[in-house]
Every structure is written in structure tokens, then in C-alpha cells.
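What follows is a set of notes on a single structure, which appears directly below.
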Amino acid sequence: MVVTRTRSPIRSSVGLKAVMAVTGIILVSFLIAHMLGNLKIFTGATSFDHYAHWLREIGTPLLPGVWFLWIMRIGLVVAAVGHIWAATALAVRARAARPVQYAHRKKVQGSYAARTMRWGGVIILLFVIYHILDLTTGTLNPVGDPSRPYANVVADFAPERWYVTLFYTLAVVTLGFHLRHGLFSALRSLGQQSPRGERRARAVALGFAVVLCAGYLAVPFAVLTGLVS
Ligand code: HEM
């Protein structure tokens, strides 16, 4: 008897790349919304705290209490797990496709961002775990009151806690490199496959990453310099 193994289309390389793209879009949409929400800190404590409370009530009265928030959280976790799973499967497949392993791995393999995608992803994941314990649950925050996010943010990035700002800066810059390369690869696959198209994809990806990094870093640096207190 001949047993034929069929592989689900999602596990094909094209399927895995589609998973990377779809989950990447979900995660990037969250990053844009979160950055815009964070910038509301410049409108003052009352407005920022009001906004944070409103986030917990989206969907009511259609949905009970914090249901929407939990649906969003579950969606983000599923997207992040899918993104990591597809990235790992693609990396394993690329390695297996090489008939003879390199005796020495070539030093130059694409851009700096391309080589650091994997480590970048790990650093971002560790940052998100720390960040949730810091500003969502308040466990690692000097104020740690989930009902007063403005006070939590101001306490977090106080000048004497400069190392927290430094850690956030490293994480956000790592995220910037990750986004620049991810977006560039996606745009290159979808767009014009010409040197001009590639230059344009590179510029759009860089511009997006810089704007996102600046938007995120504006908050800790505003607290560090006393602009927000
Ligand atoms: C660097 C500046 C950032 C600031 C000032 C900031 C601020 C905050 C605050 C105040 C909360 C708690 C919101 C609340 O519970 O009301 C939060 C939650 C969160 N942030 Fe950030 N954030 C920053 C960067 C990031 C980055 C770069 C990421 C992702 C890579 C991120 C991902 C998250 C996630 C996943 C949550 C939890 C959302 C939830 O489930 O409630 N944040 N952030």
C-alpha cells in the first residue's frame, strides 16, 4: 500500500510567508494604534487616564465589561505566536534546503537588519513581557496602579530611573530595525521587482520605522526631560 502524505497549503513556503504577512499586518496595526494612544500623554493626566479607561470599555454595552479588550489581547497573542511559528518554520526549511552545511557561515548575509531579525524578535518578545509587568499589571512599576496609567508612566521614566528609559530605547530601536526589514521584504515581494521599486520600498520601510520609533520614544524622553511630569 502506498501512503501519500499531503501537506496542508498553509505549511507550504508561500503559505508560511502569507502567515508572516497577515500576522505582521495585525501586529503593525496594533503598534500604530498604541503609539498614537501613547501620544495622548501630551494632553495631560485627566485626558490620558480617561482614554485608558475608555480602552477597557470599548464594545459596551453590546459586549459585557472588558470583553473587547480580551478579544484584542487573544488576537494579538495568536498573531504573535503565528508570526514566530511561521518564521521558525521558514528558517528551519531554508537550512534544510542547503545540501551541504557551510563549514564557515558567510559573514555577509544580506543587510544588518536581515541578520538580526531572529535576535531582534527575541529581544522584542522579552521587552513585551517586561512591559506588561511594568505598565499593564504594575508589578515592576514604582506606582503600579493600573487605574492611573499617567502616574505609572511618569514614575517609570523619572530621571533617576534613566536605565529604564535606556532599556525602552534599546527595545524600540530593535523594533525599528525589525519593522524596517520586515516591511521592506513585504513591499519588495508585492511591488515592482526593479532597482527603482526596491529603492522606493527601502525608503518607505525606513521612513515608517523612523516615524514609529520617534513616536514611541517621544514619551519616555518627554518624562526624562521634564516636559511631561
Ligand atoms: C516606548 C514607549 C511605550 C509606552 C510609553 C507604552 C505605554 C503603555 C501603557 C501605559 C500601557 C498600559 C495601558 C493600560 O493598561 O491602560 C501599555 C500596554 C501595552 N503595551 Fe506599551 N508602551 C510603549 C511601547 C510599547 C511597544 C514598543 C510595544 C510592543 C512592541 C508595546 C506593547 C504593549 C502591550 C502588548 C500592552 C498590553 C496591552 C494590554 O493587553 O492591555 N508597548 N503600554
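Each chain of the C-alpha cells is named A, B, ... in the order shown, its residues numbered from 1; ligands are numbered from 1 in display order.
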* Around ligand 1, at most 6 Å away and counting only C-alpha atoms and all ligand atoms, which residues are there? Put them as a PyMOL selection string, please. => chain A and resi 38+52+73+124+128+132+135-136+149+168+172+216-217+219
Would you write out those residues with all heavy atoms, as a short mmCIF file (atom, residue, chain, number, x, y, z; two decimals), in the first residue's frame?
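That gives us again28.cif:
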```cif
data_model
loop_
_atom_site.label_atom_id
_atom_site.label_comp_id
_atom_site.auth_asym_id
_atom_site.auth_seq_id
_atom_site.Cartn_x
_atom_site.Cartn_y
_atom_site.Cartn_z
N ASN A 38 -0.41 56.47 23.00
CA ASN A 38 0.61 56.93 23.95
C ASN A 38 0.82 58.44 23.84
O ASN A 38 1.08 59.11 24.83
CB ASN A 38 1.94 56.23 23.68
CG ASN A 38 1.95 54.80 24.15
OD1 ASN A 38 1.03 54.37 24.84
ND2 ASN A 38 2.97 54.05 23.77
N ALA A 52 -7.38 55.76 28.70
CA ALA A 52 -7.02 54.39 29.11
C ALA A 52 -8.25 53.65 29.67
O ALA A 52 -8.44 52.46 29.39
CB ALA A 52 -5.91 54.43 30.15
N ARG A 73 -6.62 41.17 23.05
CA ARG A 73 -5.42 40.54 23.62
C ARG A 73 -5.21 39.15 23.03
O ARG A 73 -4.09 38.78 22.67
CB ARG A 73 -5.55 40.44 25.14
CG ARG A 73 -5.33 41.76 25.83
CD ARG A 73 -5.65 41.66 27.31
NE ARG A 73 -5.25 42.87 28.00
CZ ARG A 73 -5.65 43.20 29.21
NH1 ARG A 73 -6.48 42.42 29.87
NH2 ARG A 73 -5.22 44.31 29.78
N ILE A 124 12.42 41.73 21.37
CA ILE A 124 11.10 42.38 21.40
C ILE A 124 10.15 41.57 22.28
O ILE A 124 9.41 42.12 23.09
CB ILE A 124 10.54 42.55 19.97
CG1 ILE A 124 11.43 43.52 19.18
CG2 ILE A 124 9.10 43.09 19.99
CD1 ILE A 124 11.23 43.47 17.67
N VAL A 128 8.32 42.92 25.63
CA VAL A 128 6.86 42.96 25.80
C VAL A 128 6.46 42.32 27.14
O VAL A 128 5.61 42.85 27.85
CB VAL A 128 6.13 42.30 24.60
CG1 VAL A 128 4.65 42.14 24.89
CG2 VAL A 128 6.32 43.14 23.34
N ILE A 132 4.58 44.53 29.99
CA ILE A 132 3.26 44.20 30.54
C ILE A 132 3.32 44.17 32.07
O ILE A 132 2.46 44.71 32.75
CB ILE A 132 2.73 42.87 29.94
CG1 ILE A 132 2.34 43.12 28.47
CG2 ILE A 132 1.53 42.33 30.72
CD1 ILE A 132 1.94 41.89 27.69
N LEU A 135 3.76 48.22 32.94
CA LEU A 135 2.69 49.22 32.75
C LEU A 135 1.27 48.65 32.66
O LEU A 135 0.32 49.42 32.74
CB LEU A 135 3.01 50.09 31.53
CG LEU A 135 4.13 51.12 31.77
CD1 LEU A 135 4.56 51.79 30.49
CD2 LEU A 135 3.72 52.16 32.80
N THR A 136 1.10 47.35 32.50
CA THR A 136 -0.27 46.82 32.49
C THR A 136 -0.64 46.28 33.87
O THR A 136 -1.61 46.73 34.47
CB THR A 136 -0.43 45.71 31.42
OG1 THR A 136 -0.11 46.27 30.16
CG2 THR A 136 -1.87 45.19 31.37
N PRO A 149 -2.69 55.21 34.73
CA PRO A 149 -1.59 54.98 33.79
C PRO A 149 -0.66 56.18 33.62
O PRO A 149 0.55 56.00 33.45
CB PRO A 149 -2.30 54.64 32.48
CG PRO A 149 -3.73 54.95 32.67
CD PRO A 149 -4.01 54.96 34.11
N TYR A 168 14.10 50.82 27.35
CA TYR A 168 12.99 51.05 26.41
C TYR A 168 13.54 51.53 25.06
O TYR A 168 13.06 51.12 24.01
CB TYR A 168 11.99 52.08 26.98
CG TYR A 168 10.85 51.46 27.74
CD1 TYR A 168 11.05 50.94 29.03
CD2 TYR A 168 9.57 51.39 27.21
CE1 TYR A 168 10.00 50.37 29.74
CE2 TYR A 168 8.52 50.82 27.92
CZ TYR A 168 8.74 50.30 29.18
OH TYR A 168 7.70 49.74 29.87
N VAL A 172 12.93 49.74 21.55
CA VAL A 172 12.21 50.42 20.47
C VAL A 172 13.09 50.50 19.21
O VAL A 172 12.60 50.31 18.08
CB VAL A 172 11.72 51.82 20.93
CG1 VAL A 172 11.22 52.65 19.75
CG2 VAL A 172 10.61 51.67 21.96
N TYR A 216 7.20 56.49 19.59
CA TYR A 216 7.31 55.75 20.85
C TYR A 216 8.28 56.43 21.81
O TYR A 216 8.01 56.54 22.99
CB TYR A 216 7.74 54.30 20.59
CG TYR A 216 6.55 53.38 20.34
CD1 TYR A 216 6.35 52.80 19.10
CD2 TYR A 216 5.63 53.12 21.34
CE1 TYR A 216 5.25 51.98 18.86
CE2 TYR A 216 4.54 52.31 21.12
CZ TYR A 216 4.35 51.74 19.88
OH TYR A 216 3.25 50.94 19.67
N LEU A 217 9.44 56.87 21.27
CA LEU A 217 10.47 57.41 22.17
C LEU A 217 10.11 58.79 22.71
O LEU A 217 10.65 59.22 23.73
CB LEU A 217 11.83 57.44 21.46
CG LEU A 217 12.39 56.04 21.16
CD1 LEU A 217 13.74 56.12 20.49
CD2 LEU A 217 12.52 55.24 22.47
N VAL A 219 7.59 59.70 24.31
CA VAL A 219 7.00 59.66 25.66
C VAL A 219 8.08 59.51 26.75
O VAL A 219 8.19 60.38 27.62
CB VAL A 219 5.92 58.55 25.75
CG1 VAL A 219 5.34 58.47 27.16
CG2 VAL A 219 4.81 58.83 24.74
#
```
* Long-range neighbours of Asn152 in chain A as a PyMOL selection string, 8 Å cut-off, only C-alpha atoms, 3 positions minimum in chain -> chain A and resi 135+138+141-146+148-149+155-156
Output file for the residues above (N, CA, C and O atoms, as a compact mmCIF listing (two decimals), in the first residue's frame):
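Final output, saved to part-v9.txt:
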```
# COMPACT_ATOMS: atom_id res chain seq x y z
N LEU A 135 3.76 48.22 32.94
CA LEU A 135 2.69 49.22 32.75
C LEU A 135 1.27 48.65 32.66
O LEU A 135 0.32 49.42 32.74
N GLY A 138 1.47 46.52 36.53
CA GLY A 138 2.06 47.42 37.52
C GLY A 138 3.03 46.73 38.48
O GLY A 138 3.59 47.37 39.36
N ASN A 141 6.42 48.42 38.48
CA ASN A 141 6.37 49.88 38.37
C ASN A 141 6.37 50.52 39.77
O ASN A 141 5.71 49.99 40.67
N PRO A 142 7.09 51.66 39.95
CA PRO A 142 7.14 52.28 41.29
C PRO A 142 5.76 52.69 41.81
O PRO A 142 5.51 52.62 43.01
N VAL A 143 4.84 53.10 40.93
CA VAL A 143 3.48 53.44 41.37
C VAL A 143 2.61 52.18 41.26
O VAL A 143 1.97 51.77 42.22
N GLY A 144 2.59 51.61 40.06
CA GLY A 144 1.93 50.30 39.89
C GLY A 144 0.44 50.30 40.13
O GLY A 144 -0.10 49.31 40.62
N ASP A 145 -0.24 51.42 39.79
CA ASP A 145 -1.70 51.48 39.97
C ASP A 145 -2.35 51.43 38.58
O ASP A 145 -2.34 52.42 37.85
N PRO A 146 -2.94 50.28 38.21
CA PRO A 146 -3.50 50.15 36.86
C PRO A 146 -4.59 51.18 36.54
O PRO A 146 -4.87 51.43 35.38
N ARG A 148 -4.26 54.36 37.19
CA ARG A 148 -3.62 55.66 36.96
C ARG A 148 -2.43 55.53 36.00
O ARG A 148 -1.27 55.73 36.38
N PRO A 149 -2.69 55.21 34.73
CA PRO A 149 -1.59 54.98 33.79
C PRO A 149 -0.66 56.18 33.62
O PRO A 149 0.55 56.00 33.45
N ALA A 155 6.25 57.92 36.66
CA ALA A 155 7.15 57.31 37.64
C ALA A 155 8.19 56.42 36.95
O ALA A 155 9.35 56.36 37.35
N ASP A 156 7.75 55.77 35.88
CA ASP A 156 8.62 54.82 35.17
C ASP A 156 9.86 55.47 34.59
O ASP A 156 10.97 54.96 34.72
```
* Per-residue DSSP, range 23-144 of chain A, filtered to alpha helix (DSSP H), as a ChimeraX atom specification -> /A:23-38,45-57,67-96,112-115,117-131
Take the residues just selected and output them with C-alpha atoms as a PDB file, in the first residue's frame.
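Wrote part-v1.pdb, looks like this:
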```
ATOM      1  CA  THR A  23       0.186  38.360  11.356  1.00  0.00           C
ATOM      2  CA  GLY A  24       2.748  41.131  10.655  1.00  0.00           C
ATOM      3  CA  ILE A  25      -0.065  43.448   9.476  1.00  0.00           C
ATOM      4  CA  ILE A  26      -2.102  42.723  12.634  1.00  0.00           C
ATOM      5  CA  LEU A  27       0.913  43.434  14.876  1.00  0.00           C
ATOM      6  CA  VAL A  28       1.858  46.610  12.966  1.00  0.00           C
ATOM      7  CA  SER A  29      -1.758  47.875  13.192  1.00  0.00           C
ATOM      8  CA  PHE A  30      -1.572  47.444  16.960  1.00  0.00           C
ATOM      9  CA  LEU A  31       1.785  49.259  17.054  1.00  0.00           C
ATOM     10  CA  ILE A  32       0.386  52.258  15.147  1.00  0.00           C
ATOM     11  CA  ALA A  33      -2.736  52.467  17.351  1.00  0.00           C
ATOM     12  CA  HIS A  34      -0.691  52.053  20.563  1.00  0.00           C
ATOM     13  CA  MET A  35       1.807  54.740  19.514  1.00  0.00           C
ATOM     14  CA  LEU A  36      -0.996  57.217  18.723  1.00  0.00           C
ATOM     15  CA  GLY A  37      -2.677  56.393  22.042  1.00  0.00           C
ATOM     16  CA  ASN A  38       0.607  56.933  23.949  1.00  0.00           C
ATOM     17  CA  ALA A  45      -3.207  63.319  33.087  1.00  0.00           C
ATOM     18  CA  THR A  46      -7.014  63.568  33.053  1.00  0.00           C
ATOM     19  CA  SER A  47      -7.299  63.106  29.328  1.00  0.00           C
ATOM     20  CA  PHE A  48      -4.741  60.243  29.210  1.00  0.00           C
ATOM     21  CA  ASP A  49      -6.309  58.338  32.112  1.00  0.00           C
ATOM     22  CA  HIS A  50      -9.764  58.867  30.636  1.00  0.00           C
ATOM     23  CA  TYR A  51      -8.543  57.436  27.331  1.00  0.00           C
ATOM     24  CA  ALA A  52      -7.022  54.386  29.113  1.00  0.00           C
ATOM     25  CA  HIS A  53     -10.322  53.728  30.927  1.00  0.00           C
ATOM     26  CA  TRP A  54     -12.253  54.101  27.672  1.00  0.00           C
ATOM     27  CA  LEU A  55      -9.999  51.391  26.117  1.00  0.00           C
ATOM     28  CA  ARG A  56     -11.366  48.945  28.680  1.00  0.00           C
ATOM     29  CA  GLU A  57     -14.945  49.805  27.813  1.00  0.00           C
ATOM     30  CA  TRP A  67     -14.625  41.565  26.640  1.00  0.00           C
ATOM     31  CA  PHE A  68     -13.375  43.617  23.695  1.00  0.00           C
ATOM     32  CA  LEU A  69     -10.036  44.145  25.446  1.00  0.00           C
ATOM     33  CA  TRP A  70      -9.674  40.400  25.975  1.00  0.00           C
ATOM     34  CA  ILE A  71     -10.683  39.616  22.384  1.00  0.00           C
ATOM     35  CA  MET A  72      -7.979  42.059  21.256  1.00  0.00           C
ATOM     36  CA  ARG A  73      -5.418  40.542  23.617  1.00  0.00           C
ATOM     37  CA  ILE A  74      -6.192  36.994  22.404  1.00  0.00           C
ATOM     38  CA  GLY A  75      -5.979  38.206  18.779  1.00  0.00           C
ATOM     39  CA  LEU A  76      -2.555  39.748  19.463  1.00  0.00           C
ATOM     40  CA  VAL A  77      -1.231  36.613  21.167  1.00  0.00           C
ATOM     41  CA  VAL A  78      -2.475  34.415  18.289  1.00  0.00           C
ATOM     42  CA  ALA A  79      -0.853  36.816  15.780  1.00  0.00           C
ATOM     43  CA  ALA A  80       2.461  36.872  17.693  1.00  0.00           C
ATOM     44  CA  VAL A  81       2.541  33.056  18.058  1.00  0.00           C
ATOM     45  CA  GLY A  82       1.676  32.625  14.348  1.00  0.00           C
ATOM     46  CA  HIS A  83       4.391  35.100  13.353  1.00  0.00           C
ATOM     47  CA  ILE A  84       7.041  33.296  15.420  1.00  0.00           C
ATOM     48  CA  TRP A  85       5.871  29.829  14.294  1.00  0.00           C
ATOM     49  CA  ALA A  86       5.976  30.754  10.572  1.00  0.00           C
ATOM     50  CA  ALA A  87       9.362  32.500  10.946  1.00  0.00           C
ATOM     51  CA  THR A  88      10.840  29.445  12.693  1.00  0.00           C
ATOM     52  CA  ALA A  89       9.385  27.009  10.124  1.00  0.00           C
ATOM     53  CA  LEU A  90      10.758  29.095   7.243  1.00  0.00           C
ATOM     54  CA  ALA A  91      14.208  29.311   8.877  1.00  0.00           C
ATOM     55  CA  VAL A  92      14.320  25.541   9.514  1.00  0.00           C
ATOM     56  CA  ARG A  93      13.259  24.890   5.910  1.00  0.00           C
ATOM     57  CA  ALA A  94      15.889  27.266   4.488  1.00  0.00           C
ATOM     58  CA  ARG A  95      18.572  25.479   6.494  1.00  0.00           C
ATOM     59  CA  ALA A  96      17.346  22.008   5.441  1.00  0.00           C
ATOM     60  CA  TYR A 112      22.459  44.087   9.133  1.00  0.00           C
ATOM     61  CA  ALA A 113      18.692  44.090   9.812  1.00  0.00           C
ATOM     62  CA  ALA A 114      18.190  40.804   7.920  1.00  0.00           C
ATOM     63  CA  ARG A 115      20.856  39.062  10.005  1.00  0.00           C
ATOM     64  CA  MET A 117      15.760  39.552  12.603  1.00  0.00           C
ATOM     65  CA  ARG A 118      15.784  36.473  14.822  1.00  0.00           C
ATOM     66  CA  TRP A 119      17.580  38.074  17.771  1.00  0.00           C
ATOM     67  CA  GLY A 120      15.532  41.210  17.276  1.00  0.00           C
ATOM     68  CA  GLY A 121      12.365  39.149  17.600  1.00  0.00           C
ATOM     69  CA  VAL A 122      13.601  37.532  20.821  1.00  0.00           C
ATOM     70  CA  ILE A 123      14.523  40.935  22.354  1.00  0.00           C
ATOM     71  CA  ILE A 124      11.100  42.377  21.401  1.00  0.00           C
ATOM     72  CA  LEU A 125       9.345  39.393  22.979  1.00  0.00           C
ATOM     73  CA  LEU A 126      11.315  39.764  26.244  1.00  0.00           C
ATOM     74  CA  PHE A 127      10.616  43.515  26.204  1.00  0.00           C
ATOM     75  CA  VAL A 128       6.860  42.958  25.804  1.00  0.00           C
ATOM     76  CA  ILE A 129       6.841  40.574  28.805  1.00  0.00           C
ATOM     77  CA  TYR A 130       8.724  43.167  30.933  1.00  0.00           C
ATOM     78  CA  HIS A 131       6.499  45.984  29.592  1.00  0.00           C
TER      79      HIS A 131
END
```
* **Non-local contacts of Arg200 in chain A (10 Å; only C-alpha atoms; under 6 positions in same chain excluded) as a VMD selection string** => chain A and resid 184 187 to 188 191 to 192 194 206
File dump, residues just selected, N, CA, C and O atoms, as an mmCIF file, in the first residue's frame:
```
data_model
loop_
_atom_site.group_PDB
_atom_site.id
_atom_site.type_symbol
_atom_site.label_atom_id
_atom_site.label_comp_id
_atom_site.auth_asym_id
_atom_site.auth_seq_id
_atom_site.Cartn_x
_atom_site.Cartn_y
_atom_site.Cartn_z
ATOM 1 N N PHE A 184 10.222 46.120 4.411
ATOM 2 C CA PHE A 184 10.954 46.148 3.139
ATOM 3 C C PHE A 184 10.764 44.831 2.391
ATOM 4 O O PHE A 184 10.454 44.823 1.193
ATOM 5 N N LEU A 187 7.149 44.656 1.045
ATOM 6 C CA LEU A 187 6.909 45.576 -0.081
ATOM 7 C C LEU A 187 7.631 45.094 -1.332
ATOM 8 O O LEU A 187 7.117 45.193 -2.441
ATOM 9 N N ARG A 188 8.839 44.546 -1.151
ATOM 10 C CA ARG A 188 9.611 44.066 -2.296
ATOM 11 C C ARG A 188 8.901 42.881 -2.950
ATOM 12 O O ARG A 188 8.866 42.768 -4.171
ATOM 13 N N GLY A 191 5.627 44.537 -4.592
ATOM 14 C CA GLY A 191 5.732 45.645 -5.541
ATOM 15 C C GLY A 191 6.591 45.353 -6.756
ATOM 16 O O GLY A 191 6.842 44.197 -7.096
ATOM 17 N N GLN A 192 6.997 46.436 -7.399
ATOM 18 C CA GLN A 192 7.805 46.358 -8.620
ATOM 19 C C GLN A 192 9.155 45.694 -8.325
ATOM 20 O O GLN A 192 9.863 46.105 -7.411
ATOM 21 N N SER A 194 12.087 45.918 -9.515
ATOM 22 C CA SER A 194 13.106 46.638 -10.271
ATOM 23 C C SER A 194 13.962 47.430 -9.290
ATOM 24 O O SER A 194 13.533 47.643 -8.153
ATOM 25 N N LEU A 206 12.063 52.479 5.696
ATOM 26 C CA LEU A 206 12.898 53.264 6.607
ATOM 27 C C LEU A 206 12.073 54.410 7.214
ATOM 28 O O LEU A 206 12.108 54.628 8.427
#
```
For Val204 in chain A, find every residue with an atom within 12 Å (counting only C-alpha atoms), except residues of its own chain fewer than 2 positions away, and show them as a compact mmCIF listing (two decimals) with N, CA and C atoms, in the first residue's frame.
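Final output, saved to out-v8.txt:
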```
# COMPACT_ATOMS: atom_id res chain seq x y z
N LEU A 179 11.07 46.18 12.06
CA LEU A 179 9.99 46.66 11.18
C LEU A 179 10.53 47.08 9.82
N ARG A 180 11.68 47.77 9.84
CA ARG A 180 12.25 48.24 8.58
C ARG A 180 12.50 47.05 7.65
N HIS A 181 13.12 46.00 8.20
CA HIS A 181 13.42 44.86 7.34
C HIS A 181 12.16 44.09 6.95
N GLY A 182 11.26 43.90 7.92
CA GLY A 182 10.02 43.15 7.63
C GLY A 182 9.19 43.85 6.56
N LEU A 183 9.04 45.15 6.73
CA LEU A 183 8.22 45.91 5.78
C LEU A 183 8.90 45.95 4.40
N PHE A 184 10.22 46.12 4.41
CA PHE A 184 10.95 46.15 3.14
C PHE A 184 10.76 44.83 2.39
N SER A 185 10.90 43.69 3.10
CA SER A 185 10.74 42.38 2.44
C SER A 185 9.34 42.24 1.88
N ALA A 186 8.32 42.67 2.67
CA ALA A 186 6.93 42.53 2.22
C ALA A 186 6.68 43.41 0.99
N LEU A 187 7.15 44.66 1.05
CA LEU A 187 6.91 45.58 -0.08
C LEU A 187 7.63 45.09 -1.33
N ARG A 188 8.84 44.55 -1.15
CA ARG A 188 9.61 44.07 -2.30
C ARG A 188 8.90 42.88 -2.95
N GLY A 191 5.63 44.54 -4.59
CA GLY A 191 5.73 45.65 -5.54
C GLY A 191 6.59 45.35 -6.76
N GLY A 197 11.91 50.17 -7.91
CA GLY A 197 10.89 49.69 -6.96
C GLY A 197 11.54 49.32 -5.64
N GLU A 198 12.72 48.72 -5.71
CA GLU A 198 13.41 48.30 -4.49
C GLU A 198 13.85 49.52 -3.67
N ARG A 199 14.35 50.55 -4.39
CA ARG A 199 14.77 51.79 -3.70
C ARG A 199 13.57 52.41 -2.98
N ARG A 200 12.41 52.40 -3.69
CA ARG A 200 11.21 53.00 -3.10
C ARG A 200 10.77 52.20 -1.86
N ALA A 201 10.78 50.87 -1.99
CA ALA A 201 10.39 50.02 -0.85
C ALA A 201 11.30 50.28 0.34
N ARG A 202 12.62 50.43 0.05
CA ARG A 202 13.59 50.67 1.12
C ARG A 202 13.28 51.99 1.83
N LEU A 206 12.06 52.48 5.70
CA LEU A 206 12.90 53.26 6.61
C LEU A 206 12.07 54.41 7.21
N GLY A 207 11.32 55.12 6.36
CA GLY A 207 10.51 56.25 6.83
C GLY A 207 9.51 55.79 7.89
N PHE A 208 8.84 54.67 7.64
CA PHE A 208 7.84 54.16 8.58
C PHE A 208 8.50 53.81 9.92
N ALA A 209 9.66 53.11 9.84
CA ALA A 209 10.34 52.69 11.07
C ALA A 209 10.79 53.91 11.88
N VAL A 210 11.29 54.94 11.20
CA VAL A 210 11.78 56.13 11.91
C VAL A 210 10.61 56.85 12.59
N VAL A 211 9.47 57.01 11.88
CA VAL A 211 8.31 57.70 12.46
C VAL A 211 7.80 56.92 13.68
```
* Pick from A:Ala203, A:Met20, A:Thr43, A:Thr225 nearest to Trp162 in chain A, counting only C-alpha atoms ->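 Once distances to Trp162 in chain A are computed over only C-alpha atoms, the minimum belongs to A:Thr225.
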* To do: Quote the spacing between CA of Leu140 in chain A and CA of Gly176 in chain A in Å to one decimal place.
  => 24.7 Å
